[in-house]
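Content type compact mmCIF, N, CA and C atoms and all ligand atoms, from the file input_39.txt:
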```txt
# COMPACT_ATOMS: atom_id res chain seq x y z
N MET J 1 -8.90 5.18 14.20
CA MET J 1 -9.47 5.61 12.92
C MET J 1 -10.96 5.30 12.89
N ASN J 2 -11.75 6.31 12.55
CA ASN J 2 -13.19 6.04 12.47
C ASN J 2 -13.61 5.69 11.04
N ILE J 3 -14.88 5.32 10.90
CA ILE J 3 -15.33 4.81 9.60
C ILE J 3 -15.24 5.88 8.52
N SER J 4 -15.52 7.12 8.87
CA SER J 4 -15.45 8.16 7.82
C SER J 4 -14.01 8.40 7.38
N GLU J 5 -13.06 8.28 8.31
CA GLU J 5 -11.64 8.40 7.91
C GLU J 5 -11.24 7.23 7.01
N ILE J 6 -11.69 6.03 7.36
CA ILE J 6 -11.38 4.86 6.53
C ILE J 6 -11.94 5.05 5.13
N LYS J 7 -13.19 5.51 5.06
CA LYS J 7 -13.83 5.68 3.74
C LYS J 7 -13.11 6.73 2.91
N GLN J 8 -12.62 7.76 3.59
CA GLN J 8 -11.85 8.81 2.89
C GLN J 8 -10.59 8.22 2.25
N LEU J 9 -9.89 7.38 3.00
CA LEU J 9 -8.66 6.76 2.47
C LEU J 9 -8.98 5.81 1.32
N VAL J 10 -10.08 5.07 1.44
CA VAL J 10 -10.49 4.17 0.35
C VAL J 10 -10.81 4.99 -0.90
N ASP J 11 -11.52 6.08 -0.74
CA ASP J 11 -11.85 6.95 -1.89
C ASP J 11 -10.57 7.45 -2.56
N GLU J 12 -9.60 7.83 -1.75
CA GLU J 12 -8.35 8.34 -2.32
C GLU J 12 -7.58 7.23 -3.04
N ALA J 13 -7.63 6.02 -2.49
CA ALA J 13 -6.97 4.88 -3.16
C ALA J 13 -7.67 4.58 -4.48
N LEU J 14 -8.98 4.63 -4.49
CA LEU J 14 -9.72 4.40 -5.75
C LEU J 14 -9.36 5.47 -6.78
N LYS J 15 -9.21 6.70 -6.32
CA LYS J 15 -8.84 7.80 -7.21
C LYS J 15 -7.41 7.60 -7.73
N ALA J 16 -6.50 7.21 -6.85
CA ALA J 16 -5.10 6.97 -7.24
C ALA J 16 -5.02 5.87 -8.29
N ARG J 17 -5.92 4.90 -8.20
CA ARG J 17 -5.98 3.78 -9.16
C ARG J 17 -6.15 4.28 -10.58
N GLU J 18 -6.78 5.42 -10.75
CA GLU J 18 -7.03 5.95 -12.10
C GLU J 18 -5.74 6.31 -12.82
N ARG J 19 -4.67 6.50 -12.06
CA ARG J 19 -3.38 6.85 -12.67
C ARG J 19 -2.55 5.62 -13.00
N ALA J 20 -3.07 4.43 -12.73
CA ALA J 20 -2.29 3.20 -12.95
C ALA J 20 -1.80 3.13 -14.40
N TYR J 21 -0.55 2.69 -14.54
CA TYR J 21 0.02 2.42 -15.86
C TYR J 21 0.17 0.91 -15.94
N CYS J 22 -0.80 0.25 -16.55
CA CYS J 22 -0.82 -1.22 -16.49
C CYS J 22 -1.27 -1.81 -17.83
N PRO J 23 -0.51 -1.48 -18.91
CA PRO J 23 -0.91 -1.97 -20.23
C PRO J 23 -0.76 -3.48 -20.37
N TYR J 24 -0.01 -4.13 -19.47
CA TYR J 24 0.24 -5.58 -19.62
C TYR J 24 -0.77 -6.41 -18.84
N SER J 25 -1.07 -6.01 -17.62
CA SER J 25 -2.05 -6.77 -16.83
C SER J 25 -3.46 -6.22 -17.00
N GLY J 26 -3.58 -4.93 -17.27
CA GLY J 26 -4.90 -4.30 -17.31
C GLY J 26 -5.56 -4.23 -15.95
N PHE J 27 -4.78 -4.46 -14.90
CA PHE J 27 -5.31 -4.50 -13.53
C PHE J 27 -4.83 -3.26 -12.78
N ARG J 28 -5.75 -2.35 -12.54
CA ARG J 28 -5.39 -1.08 -11.90
C ARG J 28 -5.44 -1.21 -10.38
N VAL J 29 -4.41 -0.65 -9.73
CA VAL J 29 -4.37 -0.64 -8.27
C VAL J 29 -3.98 0.76 -7.82
N GLY J 30 -4.59 1.21 -6.73
CA GLY J 30 -4.24 2.50 -6.14
C GLY J 30 -4.01 2.33 -4.65
N ALA J 31 -3.20 3.21 -4.09
CA ALA J 31 -2.93 3.16 -2.65
C ALA J 31 -2.90 4.57 -2.09
N CYS J 32 -3.31 4.68 -0.84
CA CYS J 32 -3.20 5.95 -0.11
C CYS J 32 -2.52 5.66 1.22
N LEU J 33 -1.32 6.20 1.37
CA LEU J 33 -0.49 5.98 2.56
C LEU J 33 -0.50 7.25 3.40
N VAL J 34 -0.79 7.11 4.68
CA VAL J 34 -0.89 8.27 5.58
C VAL J 34 0.37 8.35 6.43
N SER J 35 1.03 9.50 6.42
CA SER J 35 2.23 9.67 7.24
C SER J 35 1.83 10.15 8.64
N LYS J 36 2.79 10.03 9.56
CA LYS J 36 2.52 10.39 10.95
C LYS J 36 2.05 11.84 11.09
N ASN J 37 2.56 12.69 10.21
CA ASN J 37 2.14 14.10 10.30
C ASN J 37 0.84 14.38 9.56
N GLY J 38 0.21 13.33 9.02
CA GLY J 38 -1.12 13.49 8.42
C GLY J 38 -1.15 13.66 6.92
N ALA J 39 0.03 13.69 6.28
CA ALA J 39 0.04 13.84 4.81
C ALA J 39 -0.38 12.53 4.16
N HIS J 40 -1.05 12.65 3.02
CA HIS J 40 -1.49 11.48 2.26
C HIS J 40 -0.64 11.33 1.00
N TYR J 41 0.00 10.17 0.84
CA TYR J 41 0.81 9.89 -0.35
C TYR J 41 0.08 8.86 -1.19
N LEU J 42 -0.19 9.23 -2.42
CA LEU J 42 -0.93 8.33 -3.31
C LEU J 42 0.05 7.57 -4.20
N GLY J 43 -0.34 6.34 -4.55
CA GLY J 43 0.48 5.55 -5.46
C GLY J 43 -0.39 4.70 -6.36
N CYS J 44 0.17 4.34 -7.52
CA CYS J 44 -0.51 3.43 -8.44
C CYS J 44 0.51 2.42 -8.93
N ASN J 45 0.03 1.33 -9.51
CA ASN J 45 0.98 0.38 -10.10
C ASN J 45 1.50 0.93 -11.42
N ILE J 46 2.77 0.69 -11.66
CA ILE J 46 3.46 1.19 -12.86
C ILE J 46 4.20 0.00 -13.48
N GLU J 47 3.70 -0.47 -14.61
CA GLU J 47 4.27 -1.67 -15.22
C GLU J 47 5.33 -1.31 -16.26
N ASN J 48 6.01 -2.36 -16.73
CA ASN J 48 7.12 -2.17 -17.66
C ASN J 48 7.11 -3.31 -18.67
N ALA J 49 7.52 -3.01 -19.90
CA ALA J 49 7.54 -4.02 -20.96
C ALA J 49 8.41 -5.21 -20.59
N ALA J 50 9.40 -4.99 -19.75
CA ALA J 50 10.26 -6.10 -19.31
C ALA J 50 9.69 -6.81 -18.07
N TYR J 51 8.50 -6.42 -17.67
CA TYR J 51 7.74 -7.03 -16.56
C TYR J 51 8.37 -6.86 -15.18
N SER J 52 9.58 -7.41 -14.97
CA SER J 52 10.09 -7.41 -13.59
C SER J 52 10.36 -6.02 -13.02
N PRO J 53 10.64 -4.99 -13.82
CA PRO J 53 10.79 -3.67 -13.20
C PRO J 53 9.48 -3.04 -12.75
N SER J 54 8.36 -3.71 -12.94
CA SER J 54 7.06 -3.14 -12.57
C SER J 54 7.01 -2.87 -11.07
N ASN J 55 6.22 -1.88 -10.71
CA ASN J 55 6.10 -1.51 -9.30
C ASN J 55 4.64 -1.50 -8.88
N CYS J 56 4.38 -2.02 -7.70
CA CYS J 56 3.01 -2.03 -7.17
C CYS J 56 2.62 -0.65 -6.64
N ALA J 57 1.33 -0.45 -6.52
CA ALA J 57 0.79 0.81 -6.02
C ALA J 57 1.31 1.14 -4.62
N GLU J 58 1.35 0.13 -3.78
CA GLU J 58 1.77 0.35 -2.38
C GLU J 58 3.21 0.85 -2.32
N ARG J 59 4.08 0.18 -3.11
CA ARG J 59 5.50 0.59 -3.07
C ARG J 59 5.68 1.96 -3.71
N THR J 60 4.90 2.27 -4.74
CA THR J 60 4.98 3.62 -5.30
C THR J 60 4.70 4.65 -4.21
N ALA J 61 3.66 4.39 -3.42
CA ALA J 61 3.29 5.34 -2.36
C ALA J 61 4.39 5.43 -1.30
N VAL J 62 4.93 4.28 -0.89
CA VAL J 62 5.99 4.28 0.13
C VAL J 62 7.22 5.02 -0.39
N PHE J 63 7.61 4.74 -1.62
CA PHE J 63 8.84 5.35 -2.14
C PHE J 63 8.66 6.85 -2.35
N LYS J 64 7.49 7.24 -2.78
CA LYS J 64 7.22 8.68 -2.89
C LYS J 64 7.39 9.35 -1.52
N ALA J 65 6.76 8.75 -0.52
CA ALA J 65 6.76 9.36 0.82
C ALA J 65 8.17 9.40 1.41
N VAL J 66 8.87 8.27 1.34
CA VAL J 66 10.21 8.22 1.95
C VAL J 66 11.15 9.18 1.23
N SER J 67 10.99 9.28 -0.08
CA SER J 67 11.87 10.20 -0.84
C SER J 67 11.55 11.66 -0.56
N GLU J 68 10.38 11.90 0.06
CA GLU J 68 10.03 13.27 0.47
C GLU J 68 10.37 13.51 1.94
N GLY J 69 11.04 12.55 2.57
CA GLY J 69 11.50 12.76 3.94
C GLY J 69 10.63 12.13 5.02
N GLU J 70 9.57 11.41 4.63
CA GLU J 70 8.71 10.76 5.61
C GLU J 70 9.28 9.41 5.98
N ALA J 71 9.11 9.01 7.24
CA ALA J 71 9.64 7.70 7.62
C ALA J 71 8.70 6.94 8.55
N GLU J 72 7.59 7.59 8.96
CA GLU J 72 6.65 6.92 9.86
C GLU J 72 5.25 7.08 9.31
N PHE J 73 4.49 5.99 9.42
CA PHE J 73 3.18 5.97 8.78
C PHE J 73 2.12 5.40 9.72
N THR J 74 0.89 5.83 9.51
CA THR J 74 -0.18 5.42 10.43
C THR J 74 -1.26 4.56 9.78
N ALA J 75 -1.34 4.53 8.46
CA ALA J 75 -2.36 3.70 7.80
C ALA J 75 -2.08 3.64 6.31
N ILE J 76 -2.61 2.58 5.68
CA ILE J 76 -2.60 2.53 4.22
C ILE J 76 -3.91 1.92 3.75
N ALA J 77 -4.42 2.46 2.66
CA ALA J 77 -5.59 1.87 1.99
C ALA J 77 -5.18 1.47 0.59
N ILE J 78 -5.71 0.34 0.15
CA ILE J 78 -5.41 -0.20 -1.19
C ILE J 78 -6.74 -0.50 -1.86
N ALA J 79 -6.83 -0.16 -3.16
CA ALA J 79 -8.06 -0.46 -3.89
C ALA J 79 -7.70 -0.83 -5.32
N SER J 80 -8.49 -1.71 -5.89
CA SER J 80 -8.16 -2.18 -7.24
C SER J 80 -9.42 -2.28 -8.10
N ASP J 81 -9.24 -2.93 -9.26
CA ASP J 81 -10.37 -3.17 -10.15
C ASP J 81 -11.14 -4.44 -9.80
N SER J 82 -10.66 -5.17 -8.83
CA SER J 82 -11.25 -6.48 -8.53
C SER J 82 -12.57 -6.35 -7.78
N GLU J 83 -13.38 -7.38 -7.93
CA GLU J 83 -14.60 -7.41 -7.09
C GLU J 83 -14.27 -7.92 -5.68
N ASN J 84 -13.05 -8.44 -5.53
CA ASN J 84 -12.58 -8.86 -4.19
C ASN J 84 -11.67 -7.78 -3.62
N ALA J 85 -11.60 -7.70 -2.31
CA ALA J 85 -10.66 -6.79 -1.67
C ALA J 85 -9.24 -7.18 -2.09
N THR J 86 -8.41 -6.18 -2.39
CA THR J 86 -7.03 -6.43 -2.81
C THR J 86 -6.08 -6.23 -1.64
N TYR J 87 -5.30 -7.27 -1.37
CA TYR J 87 -4.32 -7.24 -0.29
C TYR J 87 -2.93 -7.00 -0.87
N PRO J 88 -2.03 -6.39 -0.11
CA PRO J 88 -0.68 -6.16 -0.62
C PRO J 88 0.04 -7.47 -0.93
N CYS J 89 0.84 -7.46 -1.98
CA CYS J 89 1.65 -8.65 -2.32
C CYS J 89 2.74 -8.82 -1.26
N GLY J 90 3.44 -9.93 -1.32
CA GLY J 90 4.47 -10.23 -0.32
C GLY J 90 5.60 -9.22 -0.30
N VAL J 91 6.01 -8.77 -1.48
CA VAL J 91 7.10 -7.79 -1.55
C VAL J 91 6.67 -6.49 -0.89
N CYS J 92 5.46 -6.05 -1.17
CA CYS J 92 4.97 -4.80 -0.56
C CYS J 92 4.80 -4.94 0.95
N ARG J 93 4.40 -6.12 1.41
CA ARG J 93 4.30 -6.33 2.87
C ARG J 93 5.68 -6.13 3.51
N GLN J 94 6.71 -6.67 2.86
CA GLN J 94 8.06 -6.53 3.40
C GLN J 94 8.51 -5.07 3.38
N VAL J 95 8.22 -4.37 2.30
CA VAL J 95 8.61 -2.94 2.21
C VAL J 95 7.85 -2.13 3.27
N LEU J 96 6.57 -2.41 3.44
CA LEU J 96 5.80 -1.71 4.48
C LEU J 96 6.40 -1.99 5.86
N ALA J 97 6.84 -3.24 6.09
CA ALA J 97 7.38 -3.61 7.40
C ALA J 97 8.67 -2.86 7.75
N GLU J 98 9.32 -2.30 6.74
CA GLU J 98 10.53 -1.51 6.99
C GLU J 98 10.19 -0.20 7.70
N PHE J 99 9.02 0.33 7.41
CA PHE J 99 8.68 1.67 7.89
C PHE J 99 7.46 1.73 8.80
N CYS J 100 6.68 0.66 8.85
CA CYS J 100 5.39 0.71 9.55
C CYS J 100 5.34 -0.33 10.65
N GLY J 101 4.65 0.01 11.72
CA GLY J 101 4.53 -0.92 12.85
C GLY J 101 3.56 -2.04 12.58
N LYS J 102 3.68 -3.07 13.43
CA LYS J 102 2.80 -4.24 13.32
C LYS J 102 1.32 -3.89 13.44
N ASP J 103 1.04 -2.85 14.23
CA ASP J 103 -0.37 -2.51 14.48
C ASP J 103 -0.95 -1.56 13.44
N MET J 104 -0.15 -1.18 12.47
CA MET J 104 -0.67 -0.22 11.49
C MET J 104 -1.85 -0.82 10.72
N PRO J 105 -2.98 -0.07 10.68
CA PRO J 105 -4.13 -0.56 9.92
C PRO J 105 -3.83 -0.61 8.42
N VAL J 106 -4.26 -1.72 7.80
CA VAL J 106 -4.18 -1.89 6.35
C VAL J 106 -5.61 -2.12 5.87
N ILE J 107 -6.07 -1.20 5.04
CA ILE J 107 -7.45 -1.24 4.56
C ILE J 107 -7.43 -1.75 3.13
N CYS J 108 -8.09 -2.87 2.90
CA CYS J 108 -8.03 -3.55 1.60
C CYS J 108 -9.41 -3.47 0.96
N ALA J 109 -9.50 -2.72 -0.15
CA ALA J 109 -10.82 -2.44 -0.73
C ALA J 109 -10.97 -3.08 -2.11
N ASN J 110 -12.21 -3.25 -2.50
CA ASN J 110 -12.50 -3.70 -3.86
C ASN J 110 -12.92 -2.49 -4.71
N ARG J 111 -13.35 -2.76 -5.93
CA ARG J 111 -13.65 -1.66 -6.86
C ARG J 111 -14.86 -0.84 -6.44
N ASN J 112 -15.68 -1.42 -5.58
CA ASN J 112 -16.86 -0.70 -5.10
C ASN J 112 -16.61 0.05 -3.79
N GLY J 113 -15.38 -0.03 -3.31
CA GLY J 113 -15.07 0.66 -2.06
C GLY J 113 -15.42 -0.15 -0.82
N GLU J 114 -15.87 -1.39 -1.02
CA GLU J 114 -16.10 -2.26 0.14
C GLU J 114 -14.74 -2.74 0.62
N TYR J 115 -14.54 -2.80 1.93
CA TYR J 115 -13.19 -3.05 2.42
C TYR J 115 -13.16 -4.04 3.58
N THR J 116 -11.97 -4.59 3.79
CA THR J 116 -11.69 -5.31 5.03
C THR J 116 -10.54 -4.56 5.71
N LEU J 117 -10.55 -4.62 7.02
CA LEU J 117 -9.55 -3.90 7.82
C LEU J 117 -8.68 -4.94 8.52
N THR J 118 -7.37 -4.84 8.32
CA THR J 118 -6.46 -5.75 9.00
C THR J 118 -5.25 -4.93 9.47
N THR J 119 -4.21 -5.61 9.88
CA THR J 119 -2.99 -4.91 10.31
C THR J 119 -1.79 -5.49 9.56
N LEU J 120 -0.72 -4.72 9.54
CA LEU J 120 0.48 -5.20 8.87
C LEU J 120 1.01 -6.46 9.56
N GLY J 121 0.94 -6.48 10.89
CA GLY J 121 1.43 -7.65 11.64
C GLY J 121 0.64 -8.91 11.31
N ALA J 122 -0.65 -8.76 11.05
CA ALA J 122 -1.46 -9.92 10.68
C ALA J 122 -1.09 -10.40 9.28
N LEU J 123 -0.72 -9.46 8.41
CA LEU J 123 -0.39 -9.82 7.02
C LEU J 123 1.03 -10.37 6.87
N LEU J 124 1.92 -9.96 7.79
CA LEU J 124 3.32 -10.43 7.70
C LEU J 124 3.84 -10.73 9.11
N PRO J 125 3.34 -11.82 9.70
CA PRO J 125 3.80 -12.16 11.05
C PRO J 125 5.28 -12.56 11.02
N GLU J 126 5.97 -12.30 12.12
CA GLU J 126 7.39 -12.67 12.24
C GLU J 126 8.22 -12.09 11.10
N ALA J 127 7.93 -10.86 10.74
CA ALA J 127 8.66 -10.24 9.63
C ALA J 127 10.15 -10.10 9.96
N PHE J 128 10.96 -10.21 8.95
CA PHE J 128 12.38 -9.89 9.11
C PHE J 128 12.52 -8.38 9.00
N THR J 129 13.05 -7.75 10.05
CA THR J 129 13.10 -6.29 10.08
C THR J 129 14.51 -5.80 10.39
N LYS J 130 14.64 -4.48 10.43
CA LYS J 130 15.96 -3.91 10.71
C LYS J 130 16.47 -4.31 12.10
N GLU J 131 15.57 -4.58 13.04
CA GLU J 131 16.02 -5.03 14.37
C GLU J 131 16.75 -6.37 14.26
N ASP J 132 16.20 -7.28 13.47
CA ASP J 132 16.86 -8.58 13.27
C ASP J 132 18.21 -8.39 12.59
N PHE J 133 18.22 -7.52 11.63
CA PHE J 133 19.41 -7.27 10.83
C PHE J 133 20.53 -6.70 11.71
N ILE J 134 20.20 -5.67 12.47
CA ILE J 134 21.21 -5.00 13.30
C ILE J 134 21.70 -5.94 14.41
N ASN J 135 20.79 -6.73 14.98
CA ASN J 135 21.19 -7.65 16.05
C ASN J 135 22.06 -8.79 15.54
N GLY J 136 22.02 -9.01 14.23
CA GLY J 136 22.75 -10.16 13.69
C GLY J 136 24.17 -9.83 13.22
N ILE J 137 24.53 -8.54 13.25
CA ILE J 137 25.88 -8.21 12.74
C ILE J 137 26.80 -7.71 13.87
N1 LIG M 1 -0.44 -5.00 -7.86
C1 LIG M 1 -0.38 -3.91 -7.04
O1 LIG M 1 -0.10 -2.80 -7.48
N2 LIG M 1 -0.64 -4.10 -5.73
C2 LIG M 1 -1.04 -5.27 -5.18
O2 LIG M 1 -1.27 -5.33 -3.99
C3 LIG M 1 -1.22 -6.46 -6.04
C4 LIG M 1 -0.71 -6.35 -7.41
C5 LIG M 1 -0.21 -4.80 -9.30
C6 LIG M 1 1.07 -5.35 -9.85
C7 LIG M 1 0.73 -5.50 -11.31
O3 LIG M 1 0.93 -4.26 -11.96
C8 LIG M 1 -0.76 -5.79 -11.33
O4 LIG M 1 -1.24 -5.41 -10.05
C9 LIG M 1 -1.09 -7.25 -11.58
O5 LIG M 1 -0.42 -8.08 -10.69
```

Give the structure from this file in structure tokens form.
Amino acid sequence: MNISEIKQLVDEALKARERAYCPYSGFRVGACLVSKNGAHYLGCNIENAAYSPSNCAERTAVFKAVSEGEAEFTAIAIASDSENATYPCGVCRQVLAEFCGKDMPVICANRNGEYTLTTLGALLPEAFTKEDFINGI
């Protein structure tokens, strides 16, 4: 992935953030997930009055994509309202690990589009995956 591709994904994540439904936290997050065939799935955080049913932007993007028949992904960008780069929460790291490889780039951006580039494996080392599950039964 080159810098212009990364910036494109960050821009799309920032745009997806505008759709956030976050009346409780007031913290908008957007994500842009790229499938192996090149399609871009956007997601935002969607909160709920009961709090725990709330969904993060990253999982919204993953669930949209998987429900449309996608199962392999090549990158994700995340952007929020923060002045710091926003990294996926632990639950989203686990959900990403179900469908994405350890080397998949994860682009974590702040509200100005400044980003850090890492990988899913760096964010969730020694993840519990379907390989562990299948080998254990
Ligand atoms: N949130 C995300 O959507 N993604 C993250 O990576 C971090 C947190 C959301 C969840 C909640 O709606 C709000 O940000 C505050 O935690």

If you count all atoms listed in the file, which residues fall within 8 Å of J:Gly30, apart from same-chain ones fewer than 5 positions away, as a ChimeraX atom specification? /J:12-20,42-45,56-58,77-81

Can you list every residue of chain J that has an atom at most 6 Å from ligand LIG 1 (chain M), with its nearest atom pair and the distance in Å to one decimal, using only N, CA and C atoms and all ligand atoms, ordered by chain then number, as a Markdown table?
```
| residue | atom | partner | partner_atom | distance |
| --- | --- | --- | --- | --- |
| J:Cys22 | CA | M:LIG1 | O3 | 5.7 |
| J:Ser25 | CA | M:LIG1 | C9 | 5.4 |
| J:Phe27 | C | M:LIG1 | O4 | 5.0 |
| J:Arg28 | C | M:LIG1 | O4 | 5.9 |
| J:Val29 | CA | M:LIG1 | O1 | 4.9 |
| J:Cys44 | C | M:LIG1 | O1 | 5.5 |
| J:Asn45 | CA | M:LIG1 | O1 | 4.3 |
| J:Ile46 | N | M:LIG1 | O3 | 5.3 |
| J:Glu47 | CA | M:LIG1 | O3 | 5.3 |
| J:Asn55 | C | M:LIG1 | O1 | 5.1 |
| J:Cys56 | CA | M:LIG1 | O1 | 3.2 |
| J:Ala57 | N | M:LIG1 | O1 | 2.9 |
| J:Glu58 | N | M:LIG1 | O1 | 4.9 |
| J:Thr86 | C | M:LIG1 | O2 | 5.4 |
| J:Tyr87 | C | M:LIG1 | O2 | 3.9 |
| J:Pro88 | CA | M:LIG1 | O2 | 3.5 |
| J:Cys89 | N | M:LIG1 | O2 | 3.6 |
```

Nearest residue to J:His40 from the set J:Asn2, J:Ser67, J:Gln8, J:Ser54 (distances using only C-alpha atoms):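 Closest to J:His40, using only C-alpha atoms: J:Gln8.
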
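Once only C-alpha atoms are considered, the residues situated within 12 Å of the file point (14.5, -1.3, 15.6) turn out to be J:Ala97, J:Glu98, J:Phe99, J:Cys100, J:Gly101, J:Phe128, J:Thr129, J:Lys130, J:Glu131, J:Asp132, J:Phe133, J:Ile134, J:Asn135.
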
To one decimal in Å, tell me the separation between atom CA of J:Asn110 and atom C of J:Ile76.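 It comes out at 12.8 Å.
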
Between J:Ala39, J:Gln94, J:Ala65, J:Asn48, which residue has the minimum interatomic distance to J:Leu124, considering only N, CA and C atoms?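 So, comparing all the options, the nearest one is J:Gln94.
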
Quick check, in Å to one decimal: how far apart do atom CA of J:Leu9 and atom N of J:Cys32 lie? 6.6 Å

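Residues of protein, DNA and RNA with at least one atom no farther than 7 Å from (6.9, 7.6, 5.6) are, using only N, CA and C atoms, J:Val34, J:Ser35, J:Lys36, J:Val62, J:Ala65, J:Val66, J:Gly69, J:Glu70, J:Ala71, J:Glu72, J:Phe73, J:Phe99.
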
Nearest residue to J:Asn37 from the set J:Arg111, J:Thr74, J:Pro125, J:Pro53 (distances using only N, CA and C atoms): J:Thr74

For stretch 2-16 of chain J, which lacks atoms in the input, supply N, CA, C and O atoms and format the output as a PDB file, keeping the file's coordinate frame.
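Final file, rebuild-v8.pdb:
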```
ATOM      1  N   ASN J   2     -11.750   6.310  12.550  1.00  0.00           N
ATOM      2  CA  ASN J   2     -13.190   6.040  12.470  1.00  0.00           C
ATOM      3  C   ASN J   2     -13.610   5.690  11.040  1.00  0.00           C
ATOM      4  O   ASN J   2     -12.804   5.785  10.097  1.00  0.00           O
ATOM      5  N   ILE J   3     -14.880   5.320  10.900  1.00  0.00           N
ATOM      6  CA  ILE J   3     -15.330   4.810   9.600  1.00  0.00           C
ATOM      7  C   ILE J   3     -15.240   5.880   8.520  1.00  0.00           C
ATOM      8  O   ILE J   3     -14.879   5.582   7.376  1.00  0.00           O
ATOM      9  N   SER J   4     -15.520   7.120   8.870  1.00  0.00           N
ATOM     10  CA  SER J   4     -15.450   8.160   7.820  1.00  0.00           C
ATOM     11  C   SER J   4     -14.010   8.400   7.380  1.00  0.00           C
ATOM     12  O   SER J   4     -13.748   8.646   6.191  1.00  0.00           O
ATOM     13  N   GLU J   5     -13.060   8.280   8.310  1.00  0.00           N
ATOM     14  CA  GLU J   5     -11.640   8.400   7.910  1.00  0.00           C
ATOM     15  C   GLU J   5     -11.240   7.230   7.010  1.00  0.00           C
ATOM     16  O   GLU J   5     -10.545   7.424   6.004  1.00  0.00           O
ATOM     17  N   ILE J   6     -11.690   6.030   7.360  1.00  0.00           N
ATOM     18  CA  ILE J   6     -11.380   4.860   6.530  1.00  0.00           C
ATOM     19  C   ILE J   6     -11.940   5.050   5.130  1.00  0.00           C
ATOM     20  O   ILE J   6     -11.256   4.836   4.119  1.00  0.00           O
ATOM     21  N   LYS J   7     -13.190   5.510   5.060  1.00  0.00           N
ATOM     22  CA  LYS J   7     -13.830   5.680   3.740  1.00  0.00           C
ATOM     23  C   LYS J   7     -13.110   6.730   2.910  1.00  0.00           C
ATOM     24  O   LYS J   7     -12.994   6.610   1.687  1.00  0.00           O
ATOM     25  N   GLN J   8     -12.620   7.760   3.590  1.00  0.00           N
ATOM     26  CA  GLN J   8     -11.850   8.810   2.890  1.00  0.00           C
ATOM     27  C   GLN J   8     -10.590   8.220   2.250  1.00  0.00           C
ATOM     28  O   GLN J   8     -10.269   8.492   1.080  1.00  0.00           O
ATOM     29  N   LEU J   9      -9.890   7.380   3.000  1.00  0.00           N
ATOM     30  CA  LEU J   9      -8.660   6.760   2.470  1.00  0.00           C
ATOM     31  C   LEU J   9      -8.980   5.810   1.320  1.00  0.00           C
ATOM     32  O   LEU J   9      -8.250   5.757   0.315  1.00  0.00           O
ATOM     33  N   VAL J  10     -10.080   5.070   1.440  1.00  0.00           N
ATOM     34  CA  VAL J  10     -10.490   4.170   0.350  1.00  0.00           C
ATOM     35  C   VAL J  10     -10.810   4.990  -0.900  1.00  0.00           C
ATOM     36  O   VAL J  10     -10.389   4.640  -2.017  1.00  0.00           O
ATOM     37  N   ASP J  11     -11.520   6.080  -0.740  1.00  0.00           N
ATOM     38  CA  ASP J  11     -11.850   6.950  -1.890  1.00  0.00           C
ATOM     39  C   ASP J  11     -10.570   7.450  -2.560  1.00  0.00           C
ATOM     40  O   ASP J  11     -10.486   7.509  -3.793  1.00  0.00           O
ATOM     41  N   GLU J  12      -9.600   7.830  -1.750  1.00  0.00           N
ATOM     42  CA  GLU J  12      -8.350   8.340  -2.320  1.00  0.00           C
ATOM     43  C   GLU J  12      -7.580   7.230  -3.040  1.00  0.00           C
ATOM     44  O   GLU J  12      -6.962   7.473  -4.087  1.00  0.00           O
ATOM     45  N   ALA J  13      -7.630   6.020  -2.490  1.00  0.00           N
ATOM     46  CA  ALA J  13      -6.970   4.880  -3.160  1.00  0.00           C
ATOM     47  C   ALA J  13      -7.670   4.580  -4.480  1.00  0.00           C
ATOM     48  O   ALA J  13      -7.011   4.313  -5.496  1.00  0.00           O
ATOM     49  N   LEU J  14      -8.980   4.630  -4.490  1.00  0.00           N
ATOM     50  CA  LEU J  14      -9.720   4.400  -5.750  1.00  0.00           C
ATOM     51  C   LEU J  14      -9.360   5.470  -6.780  1.00  0.00           C
ATOM     52  O   LEU J  14      -9.222   5.185  -7.971  1.00  0.00           O
ATOM     53  N   LYS J  15      -9.210   6.700  -6.320  1.00  0.00           N
ATOM     54  CA  LYS J  15      -8.840   7.800  -7.210  1.00  0.00           C
ATOM     55  C   LYS J  15      -7.410   7.600  -7.730  1.00  0.00           C
ATOM     56  O   LYS J  15      -7.127   7.789  -8.922  1.00  0.00           O
ATOM     57  N   ALA J  16      -6.500   7.210  -6.850  1.00  0.00           N
ATOM     58  CA  ALA J  16      -5.100   6.970  -7.240  1.00  0.00           C
ATOM     59  C   ALA J  16      -5.020   5.870  -8.290  1.00  0.00           C
ATOM     60  O   ALA J  16      -4.165   5.898  -9.190  1.00  0.00           O
TER      61      ALA J  16
END
```
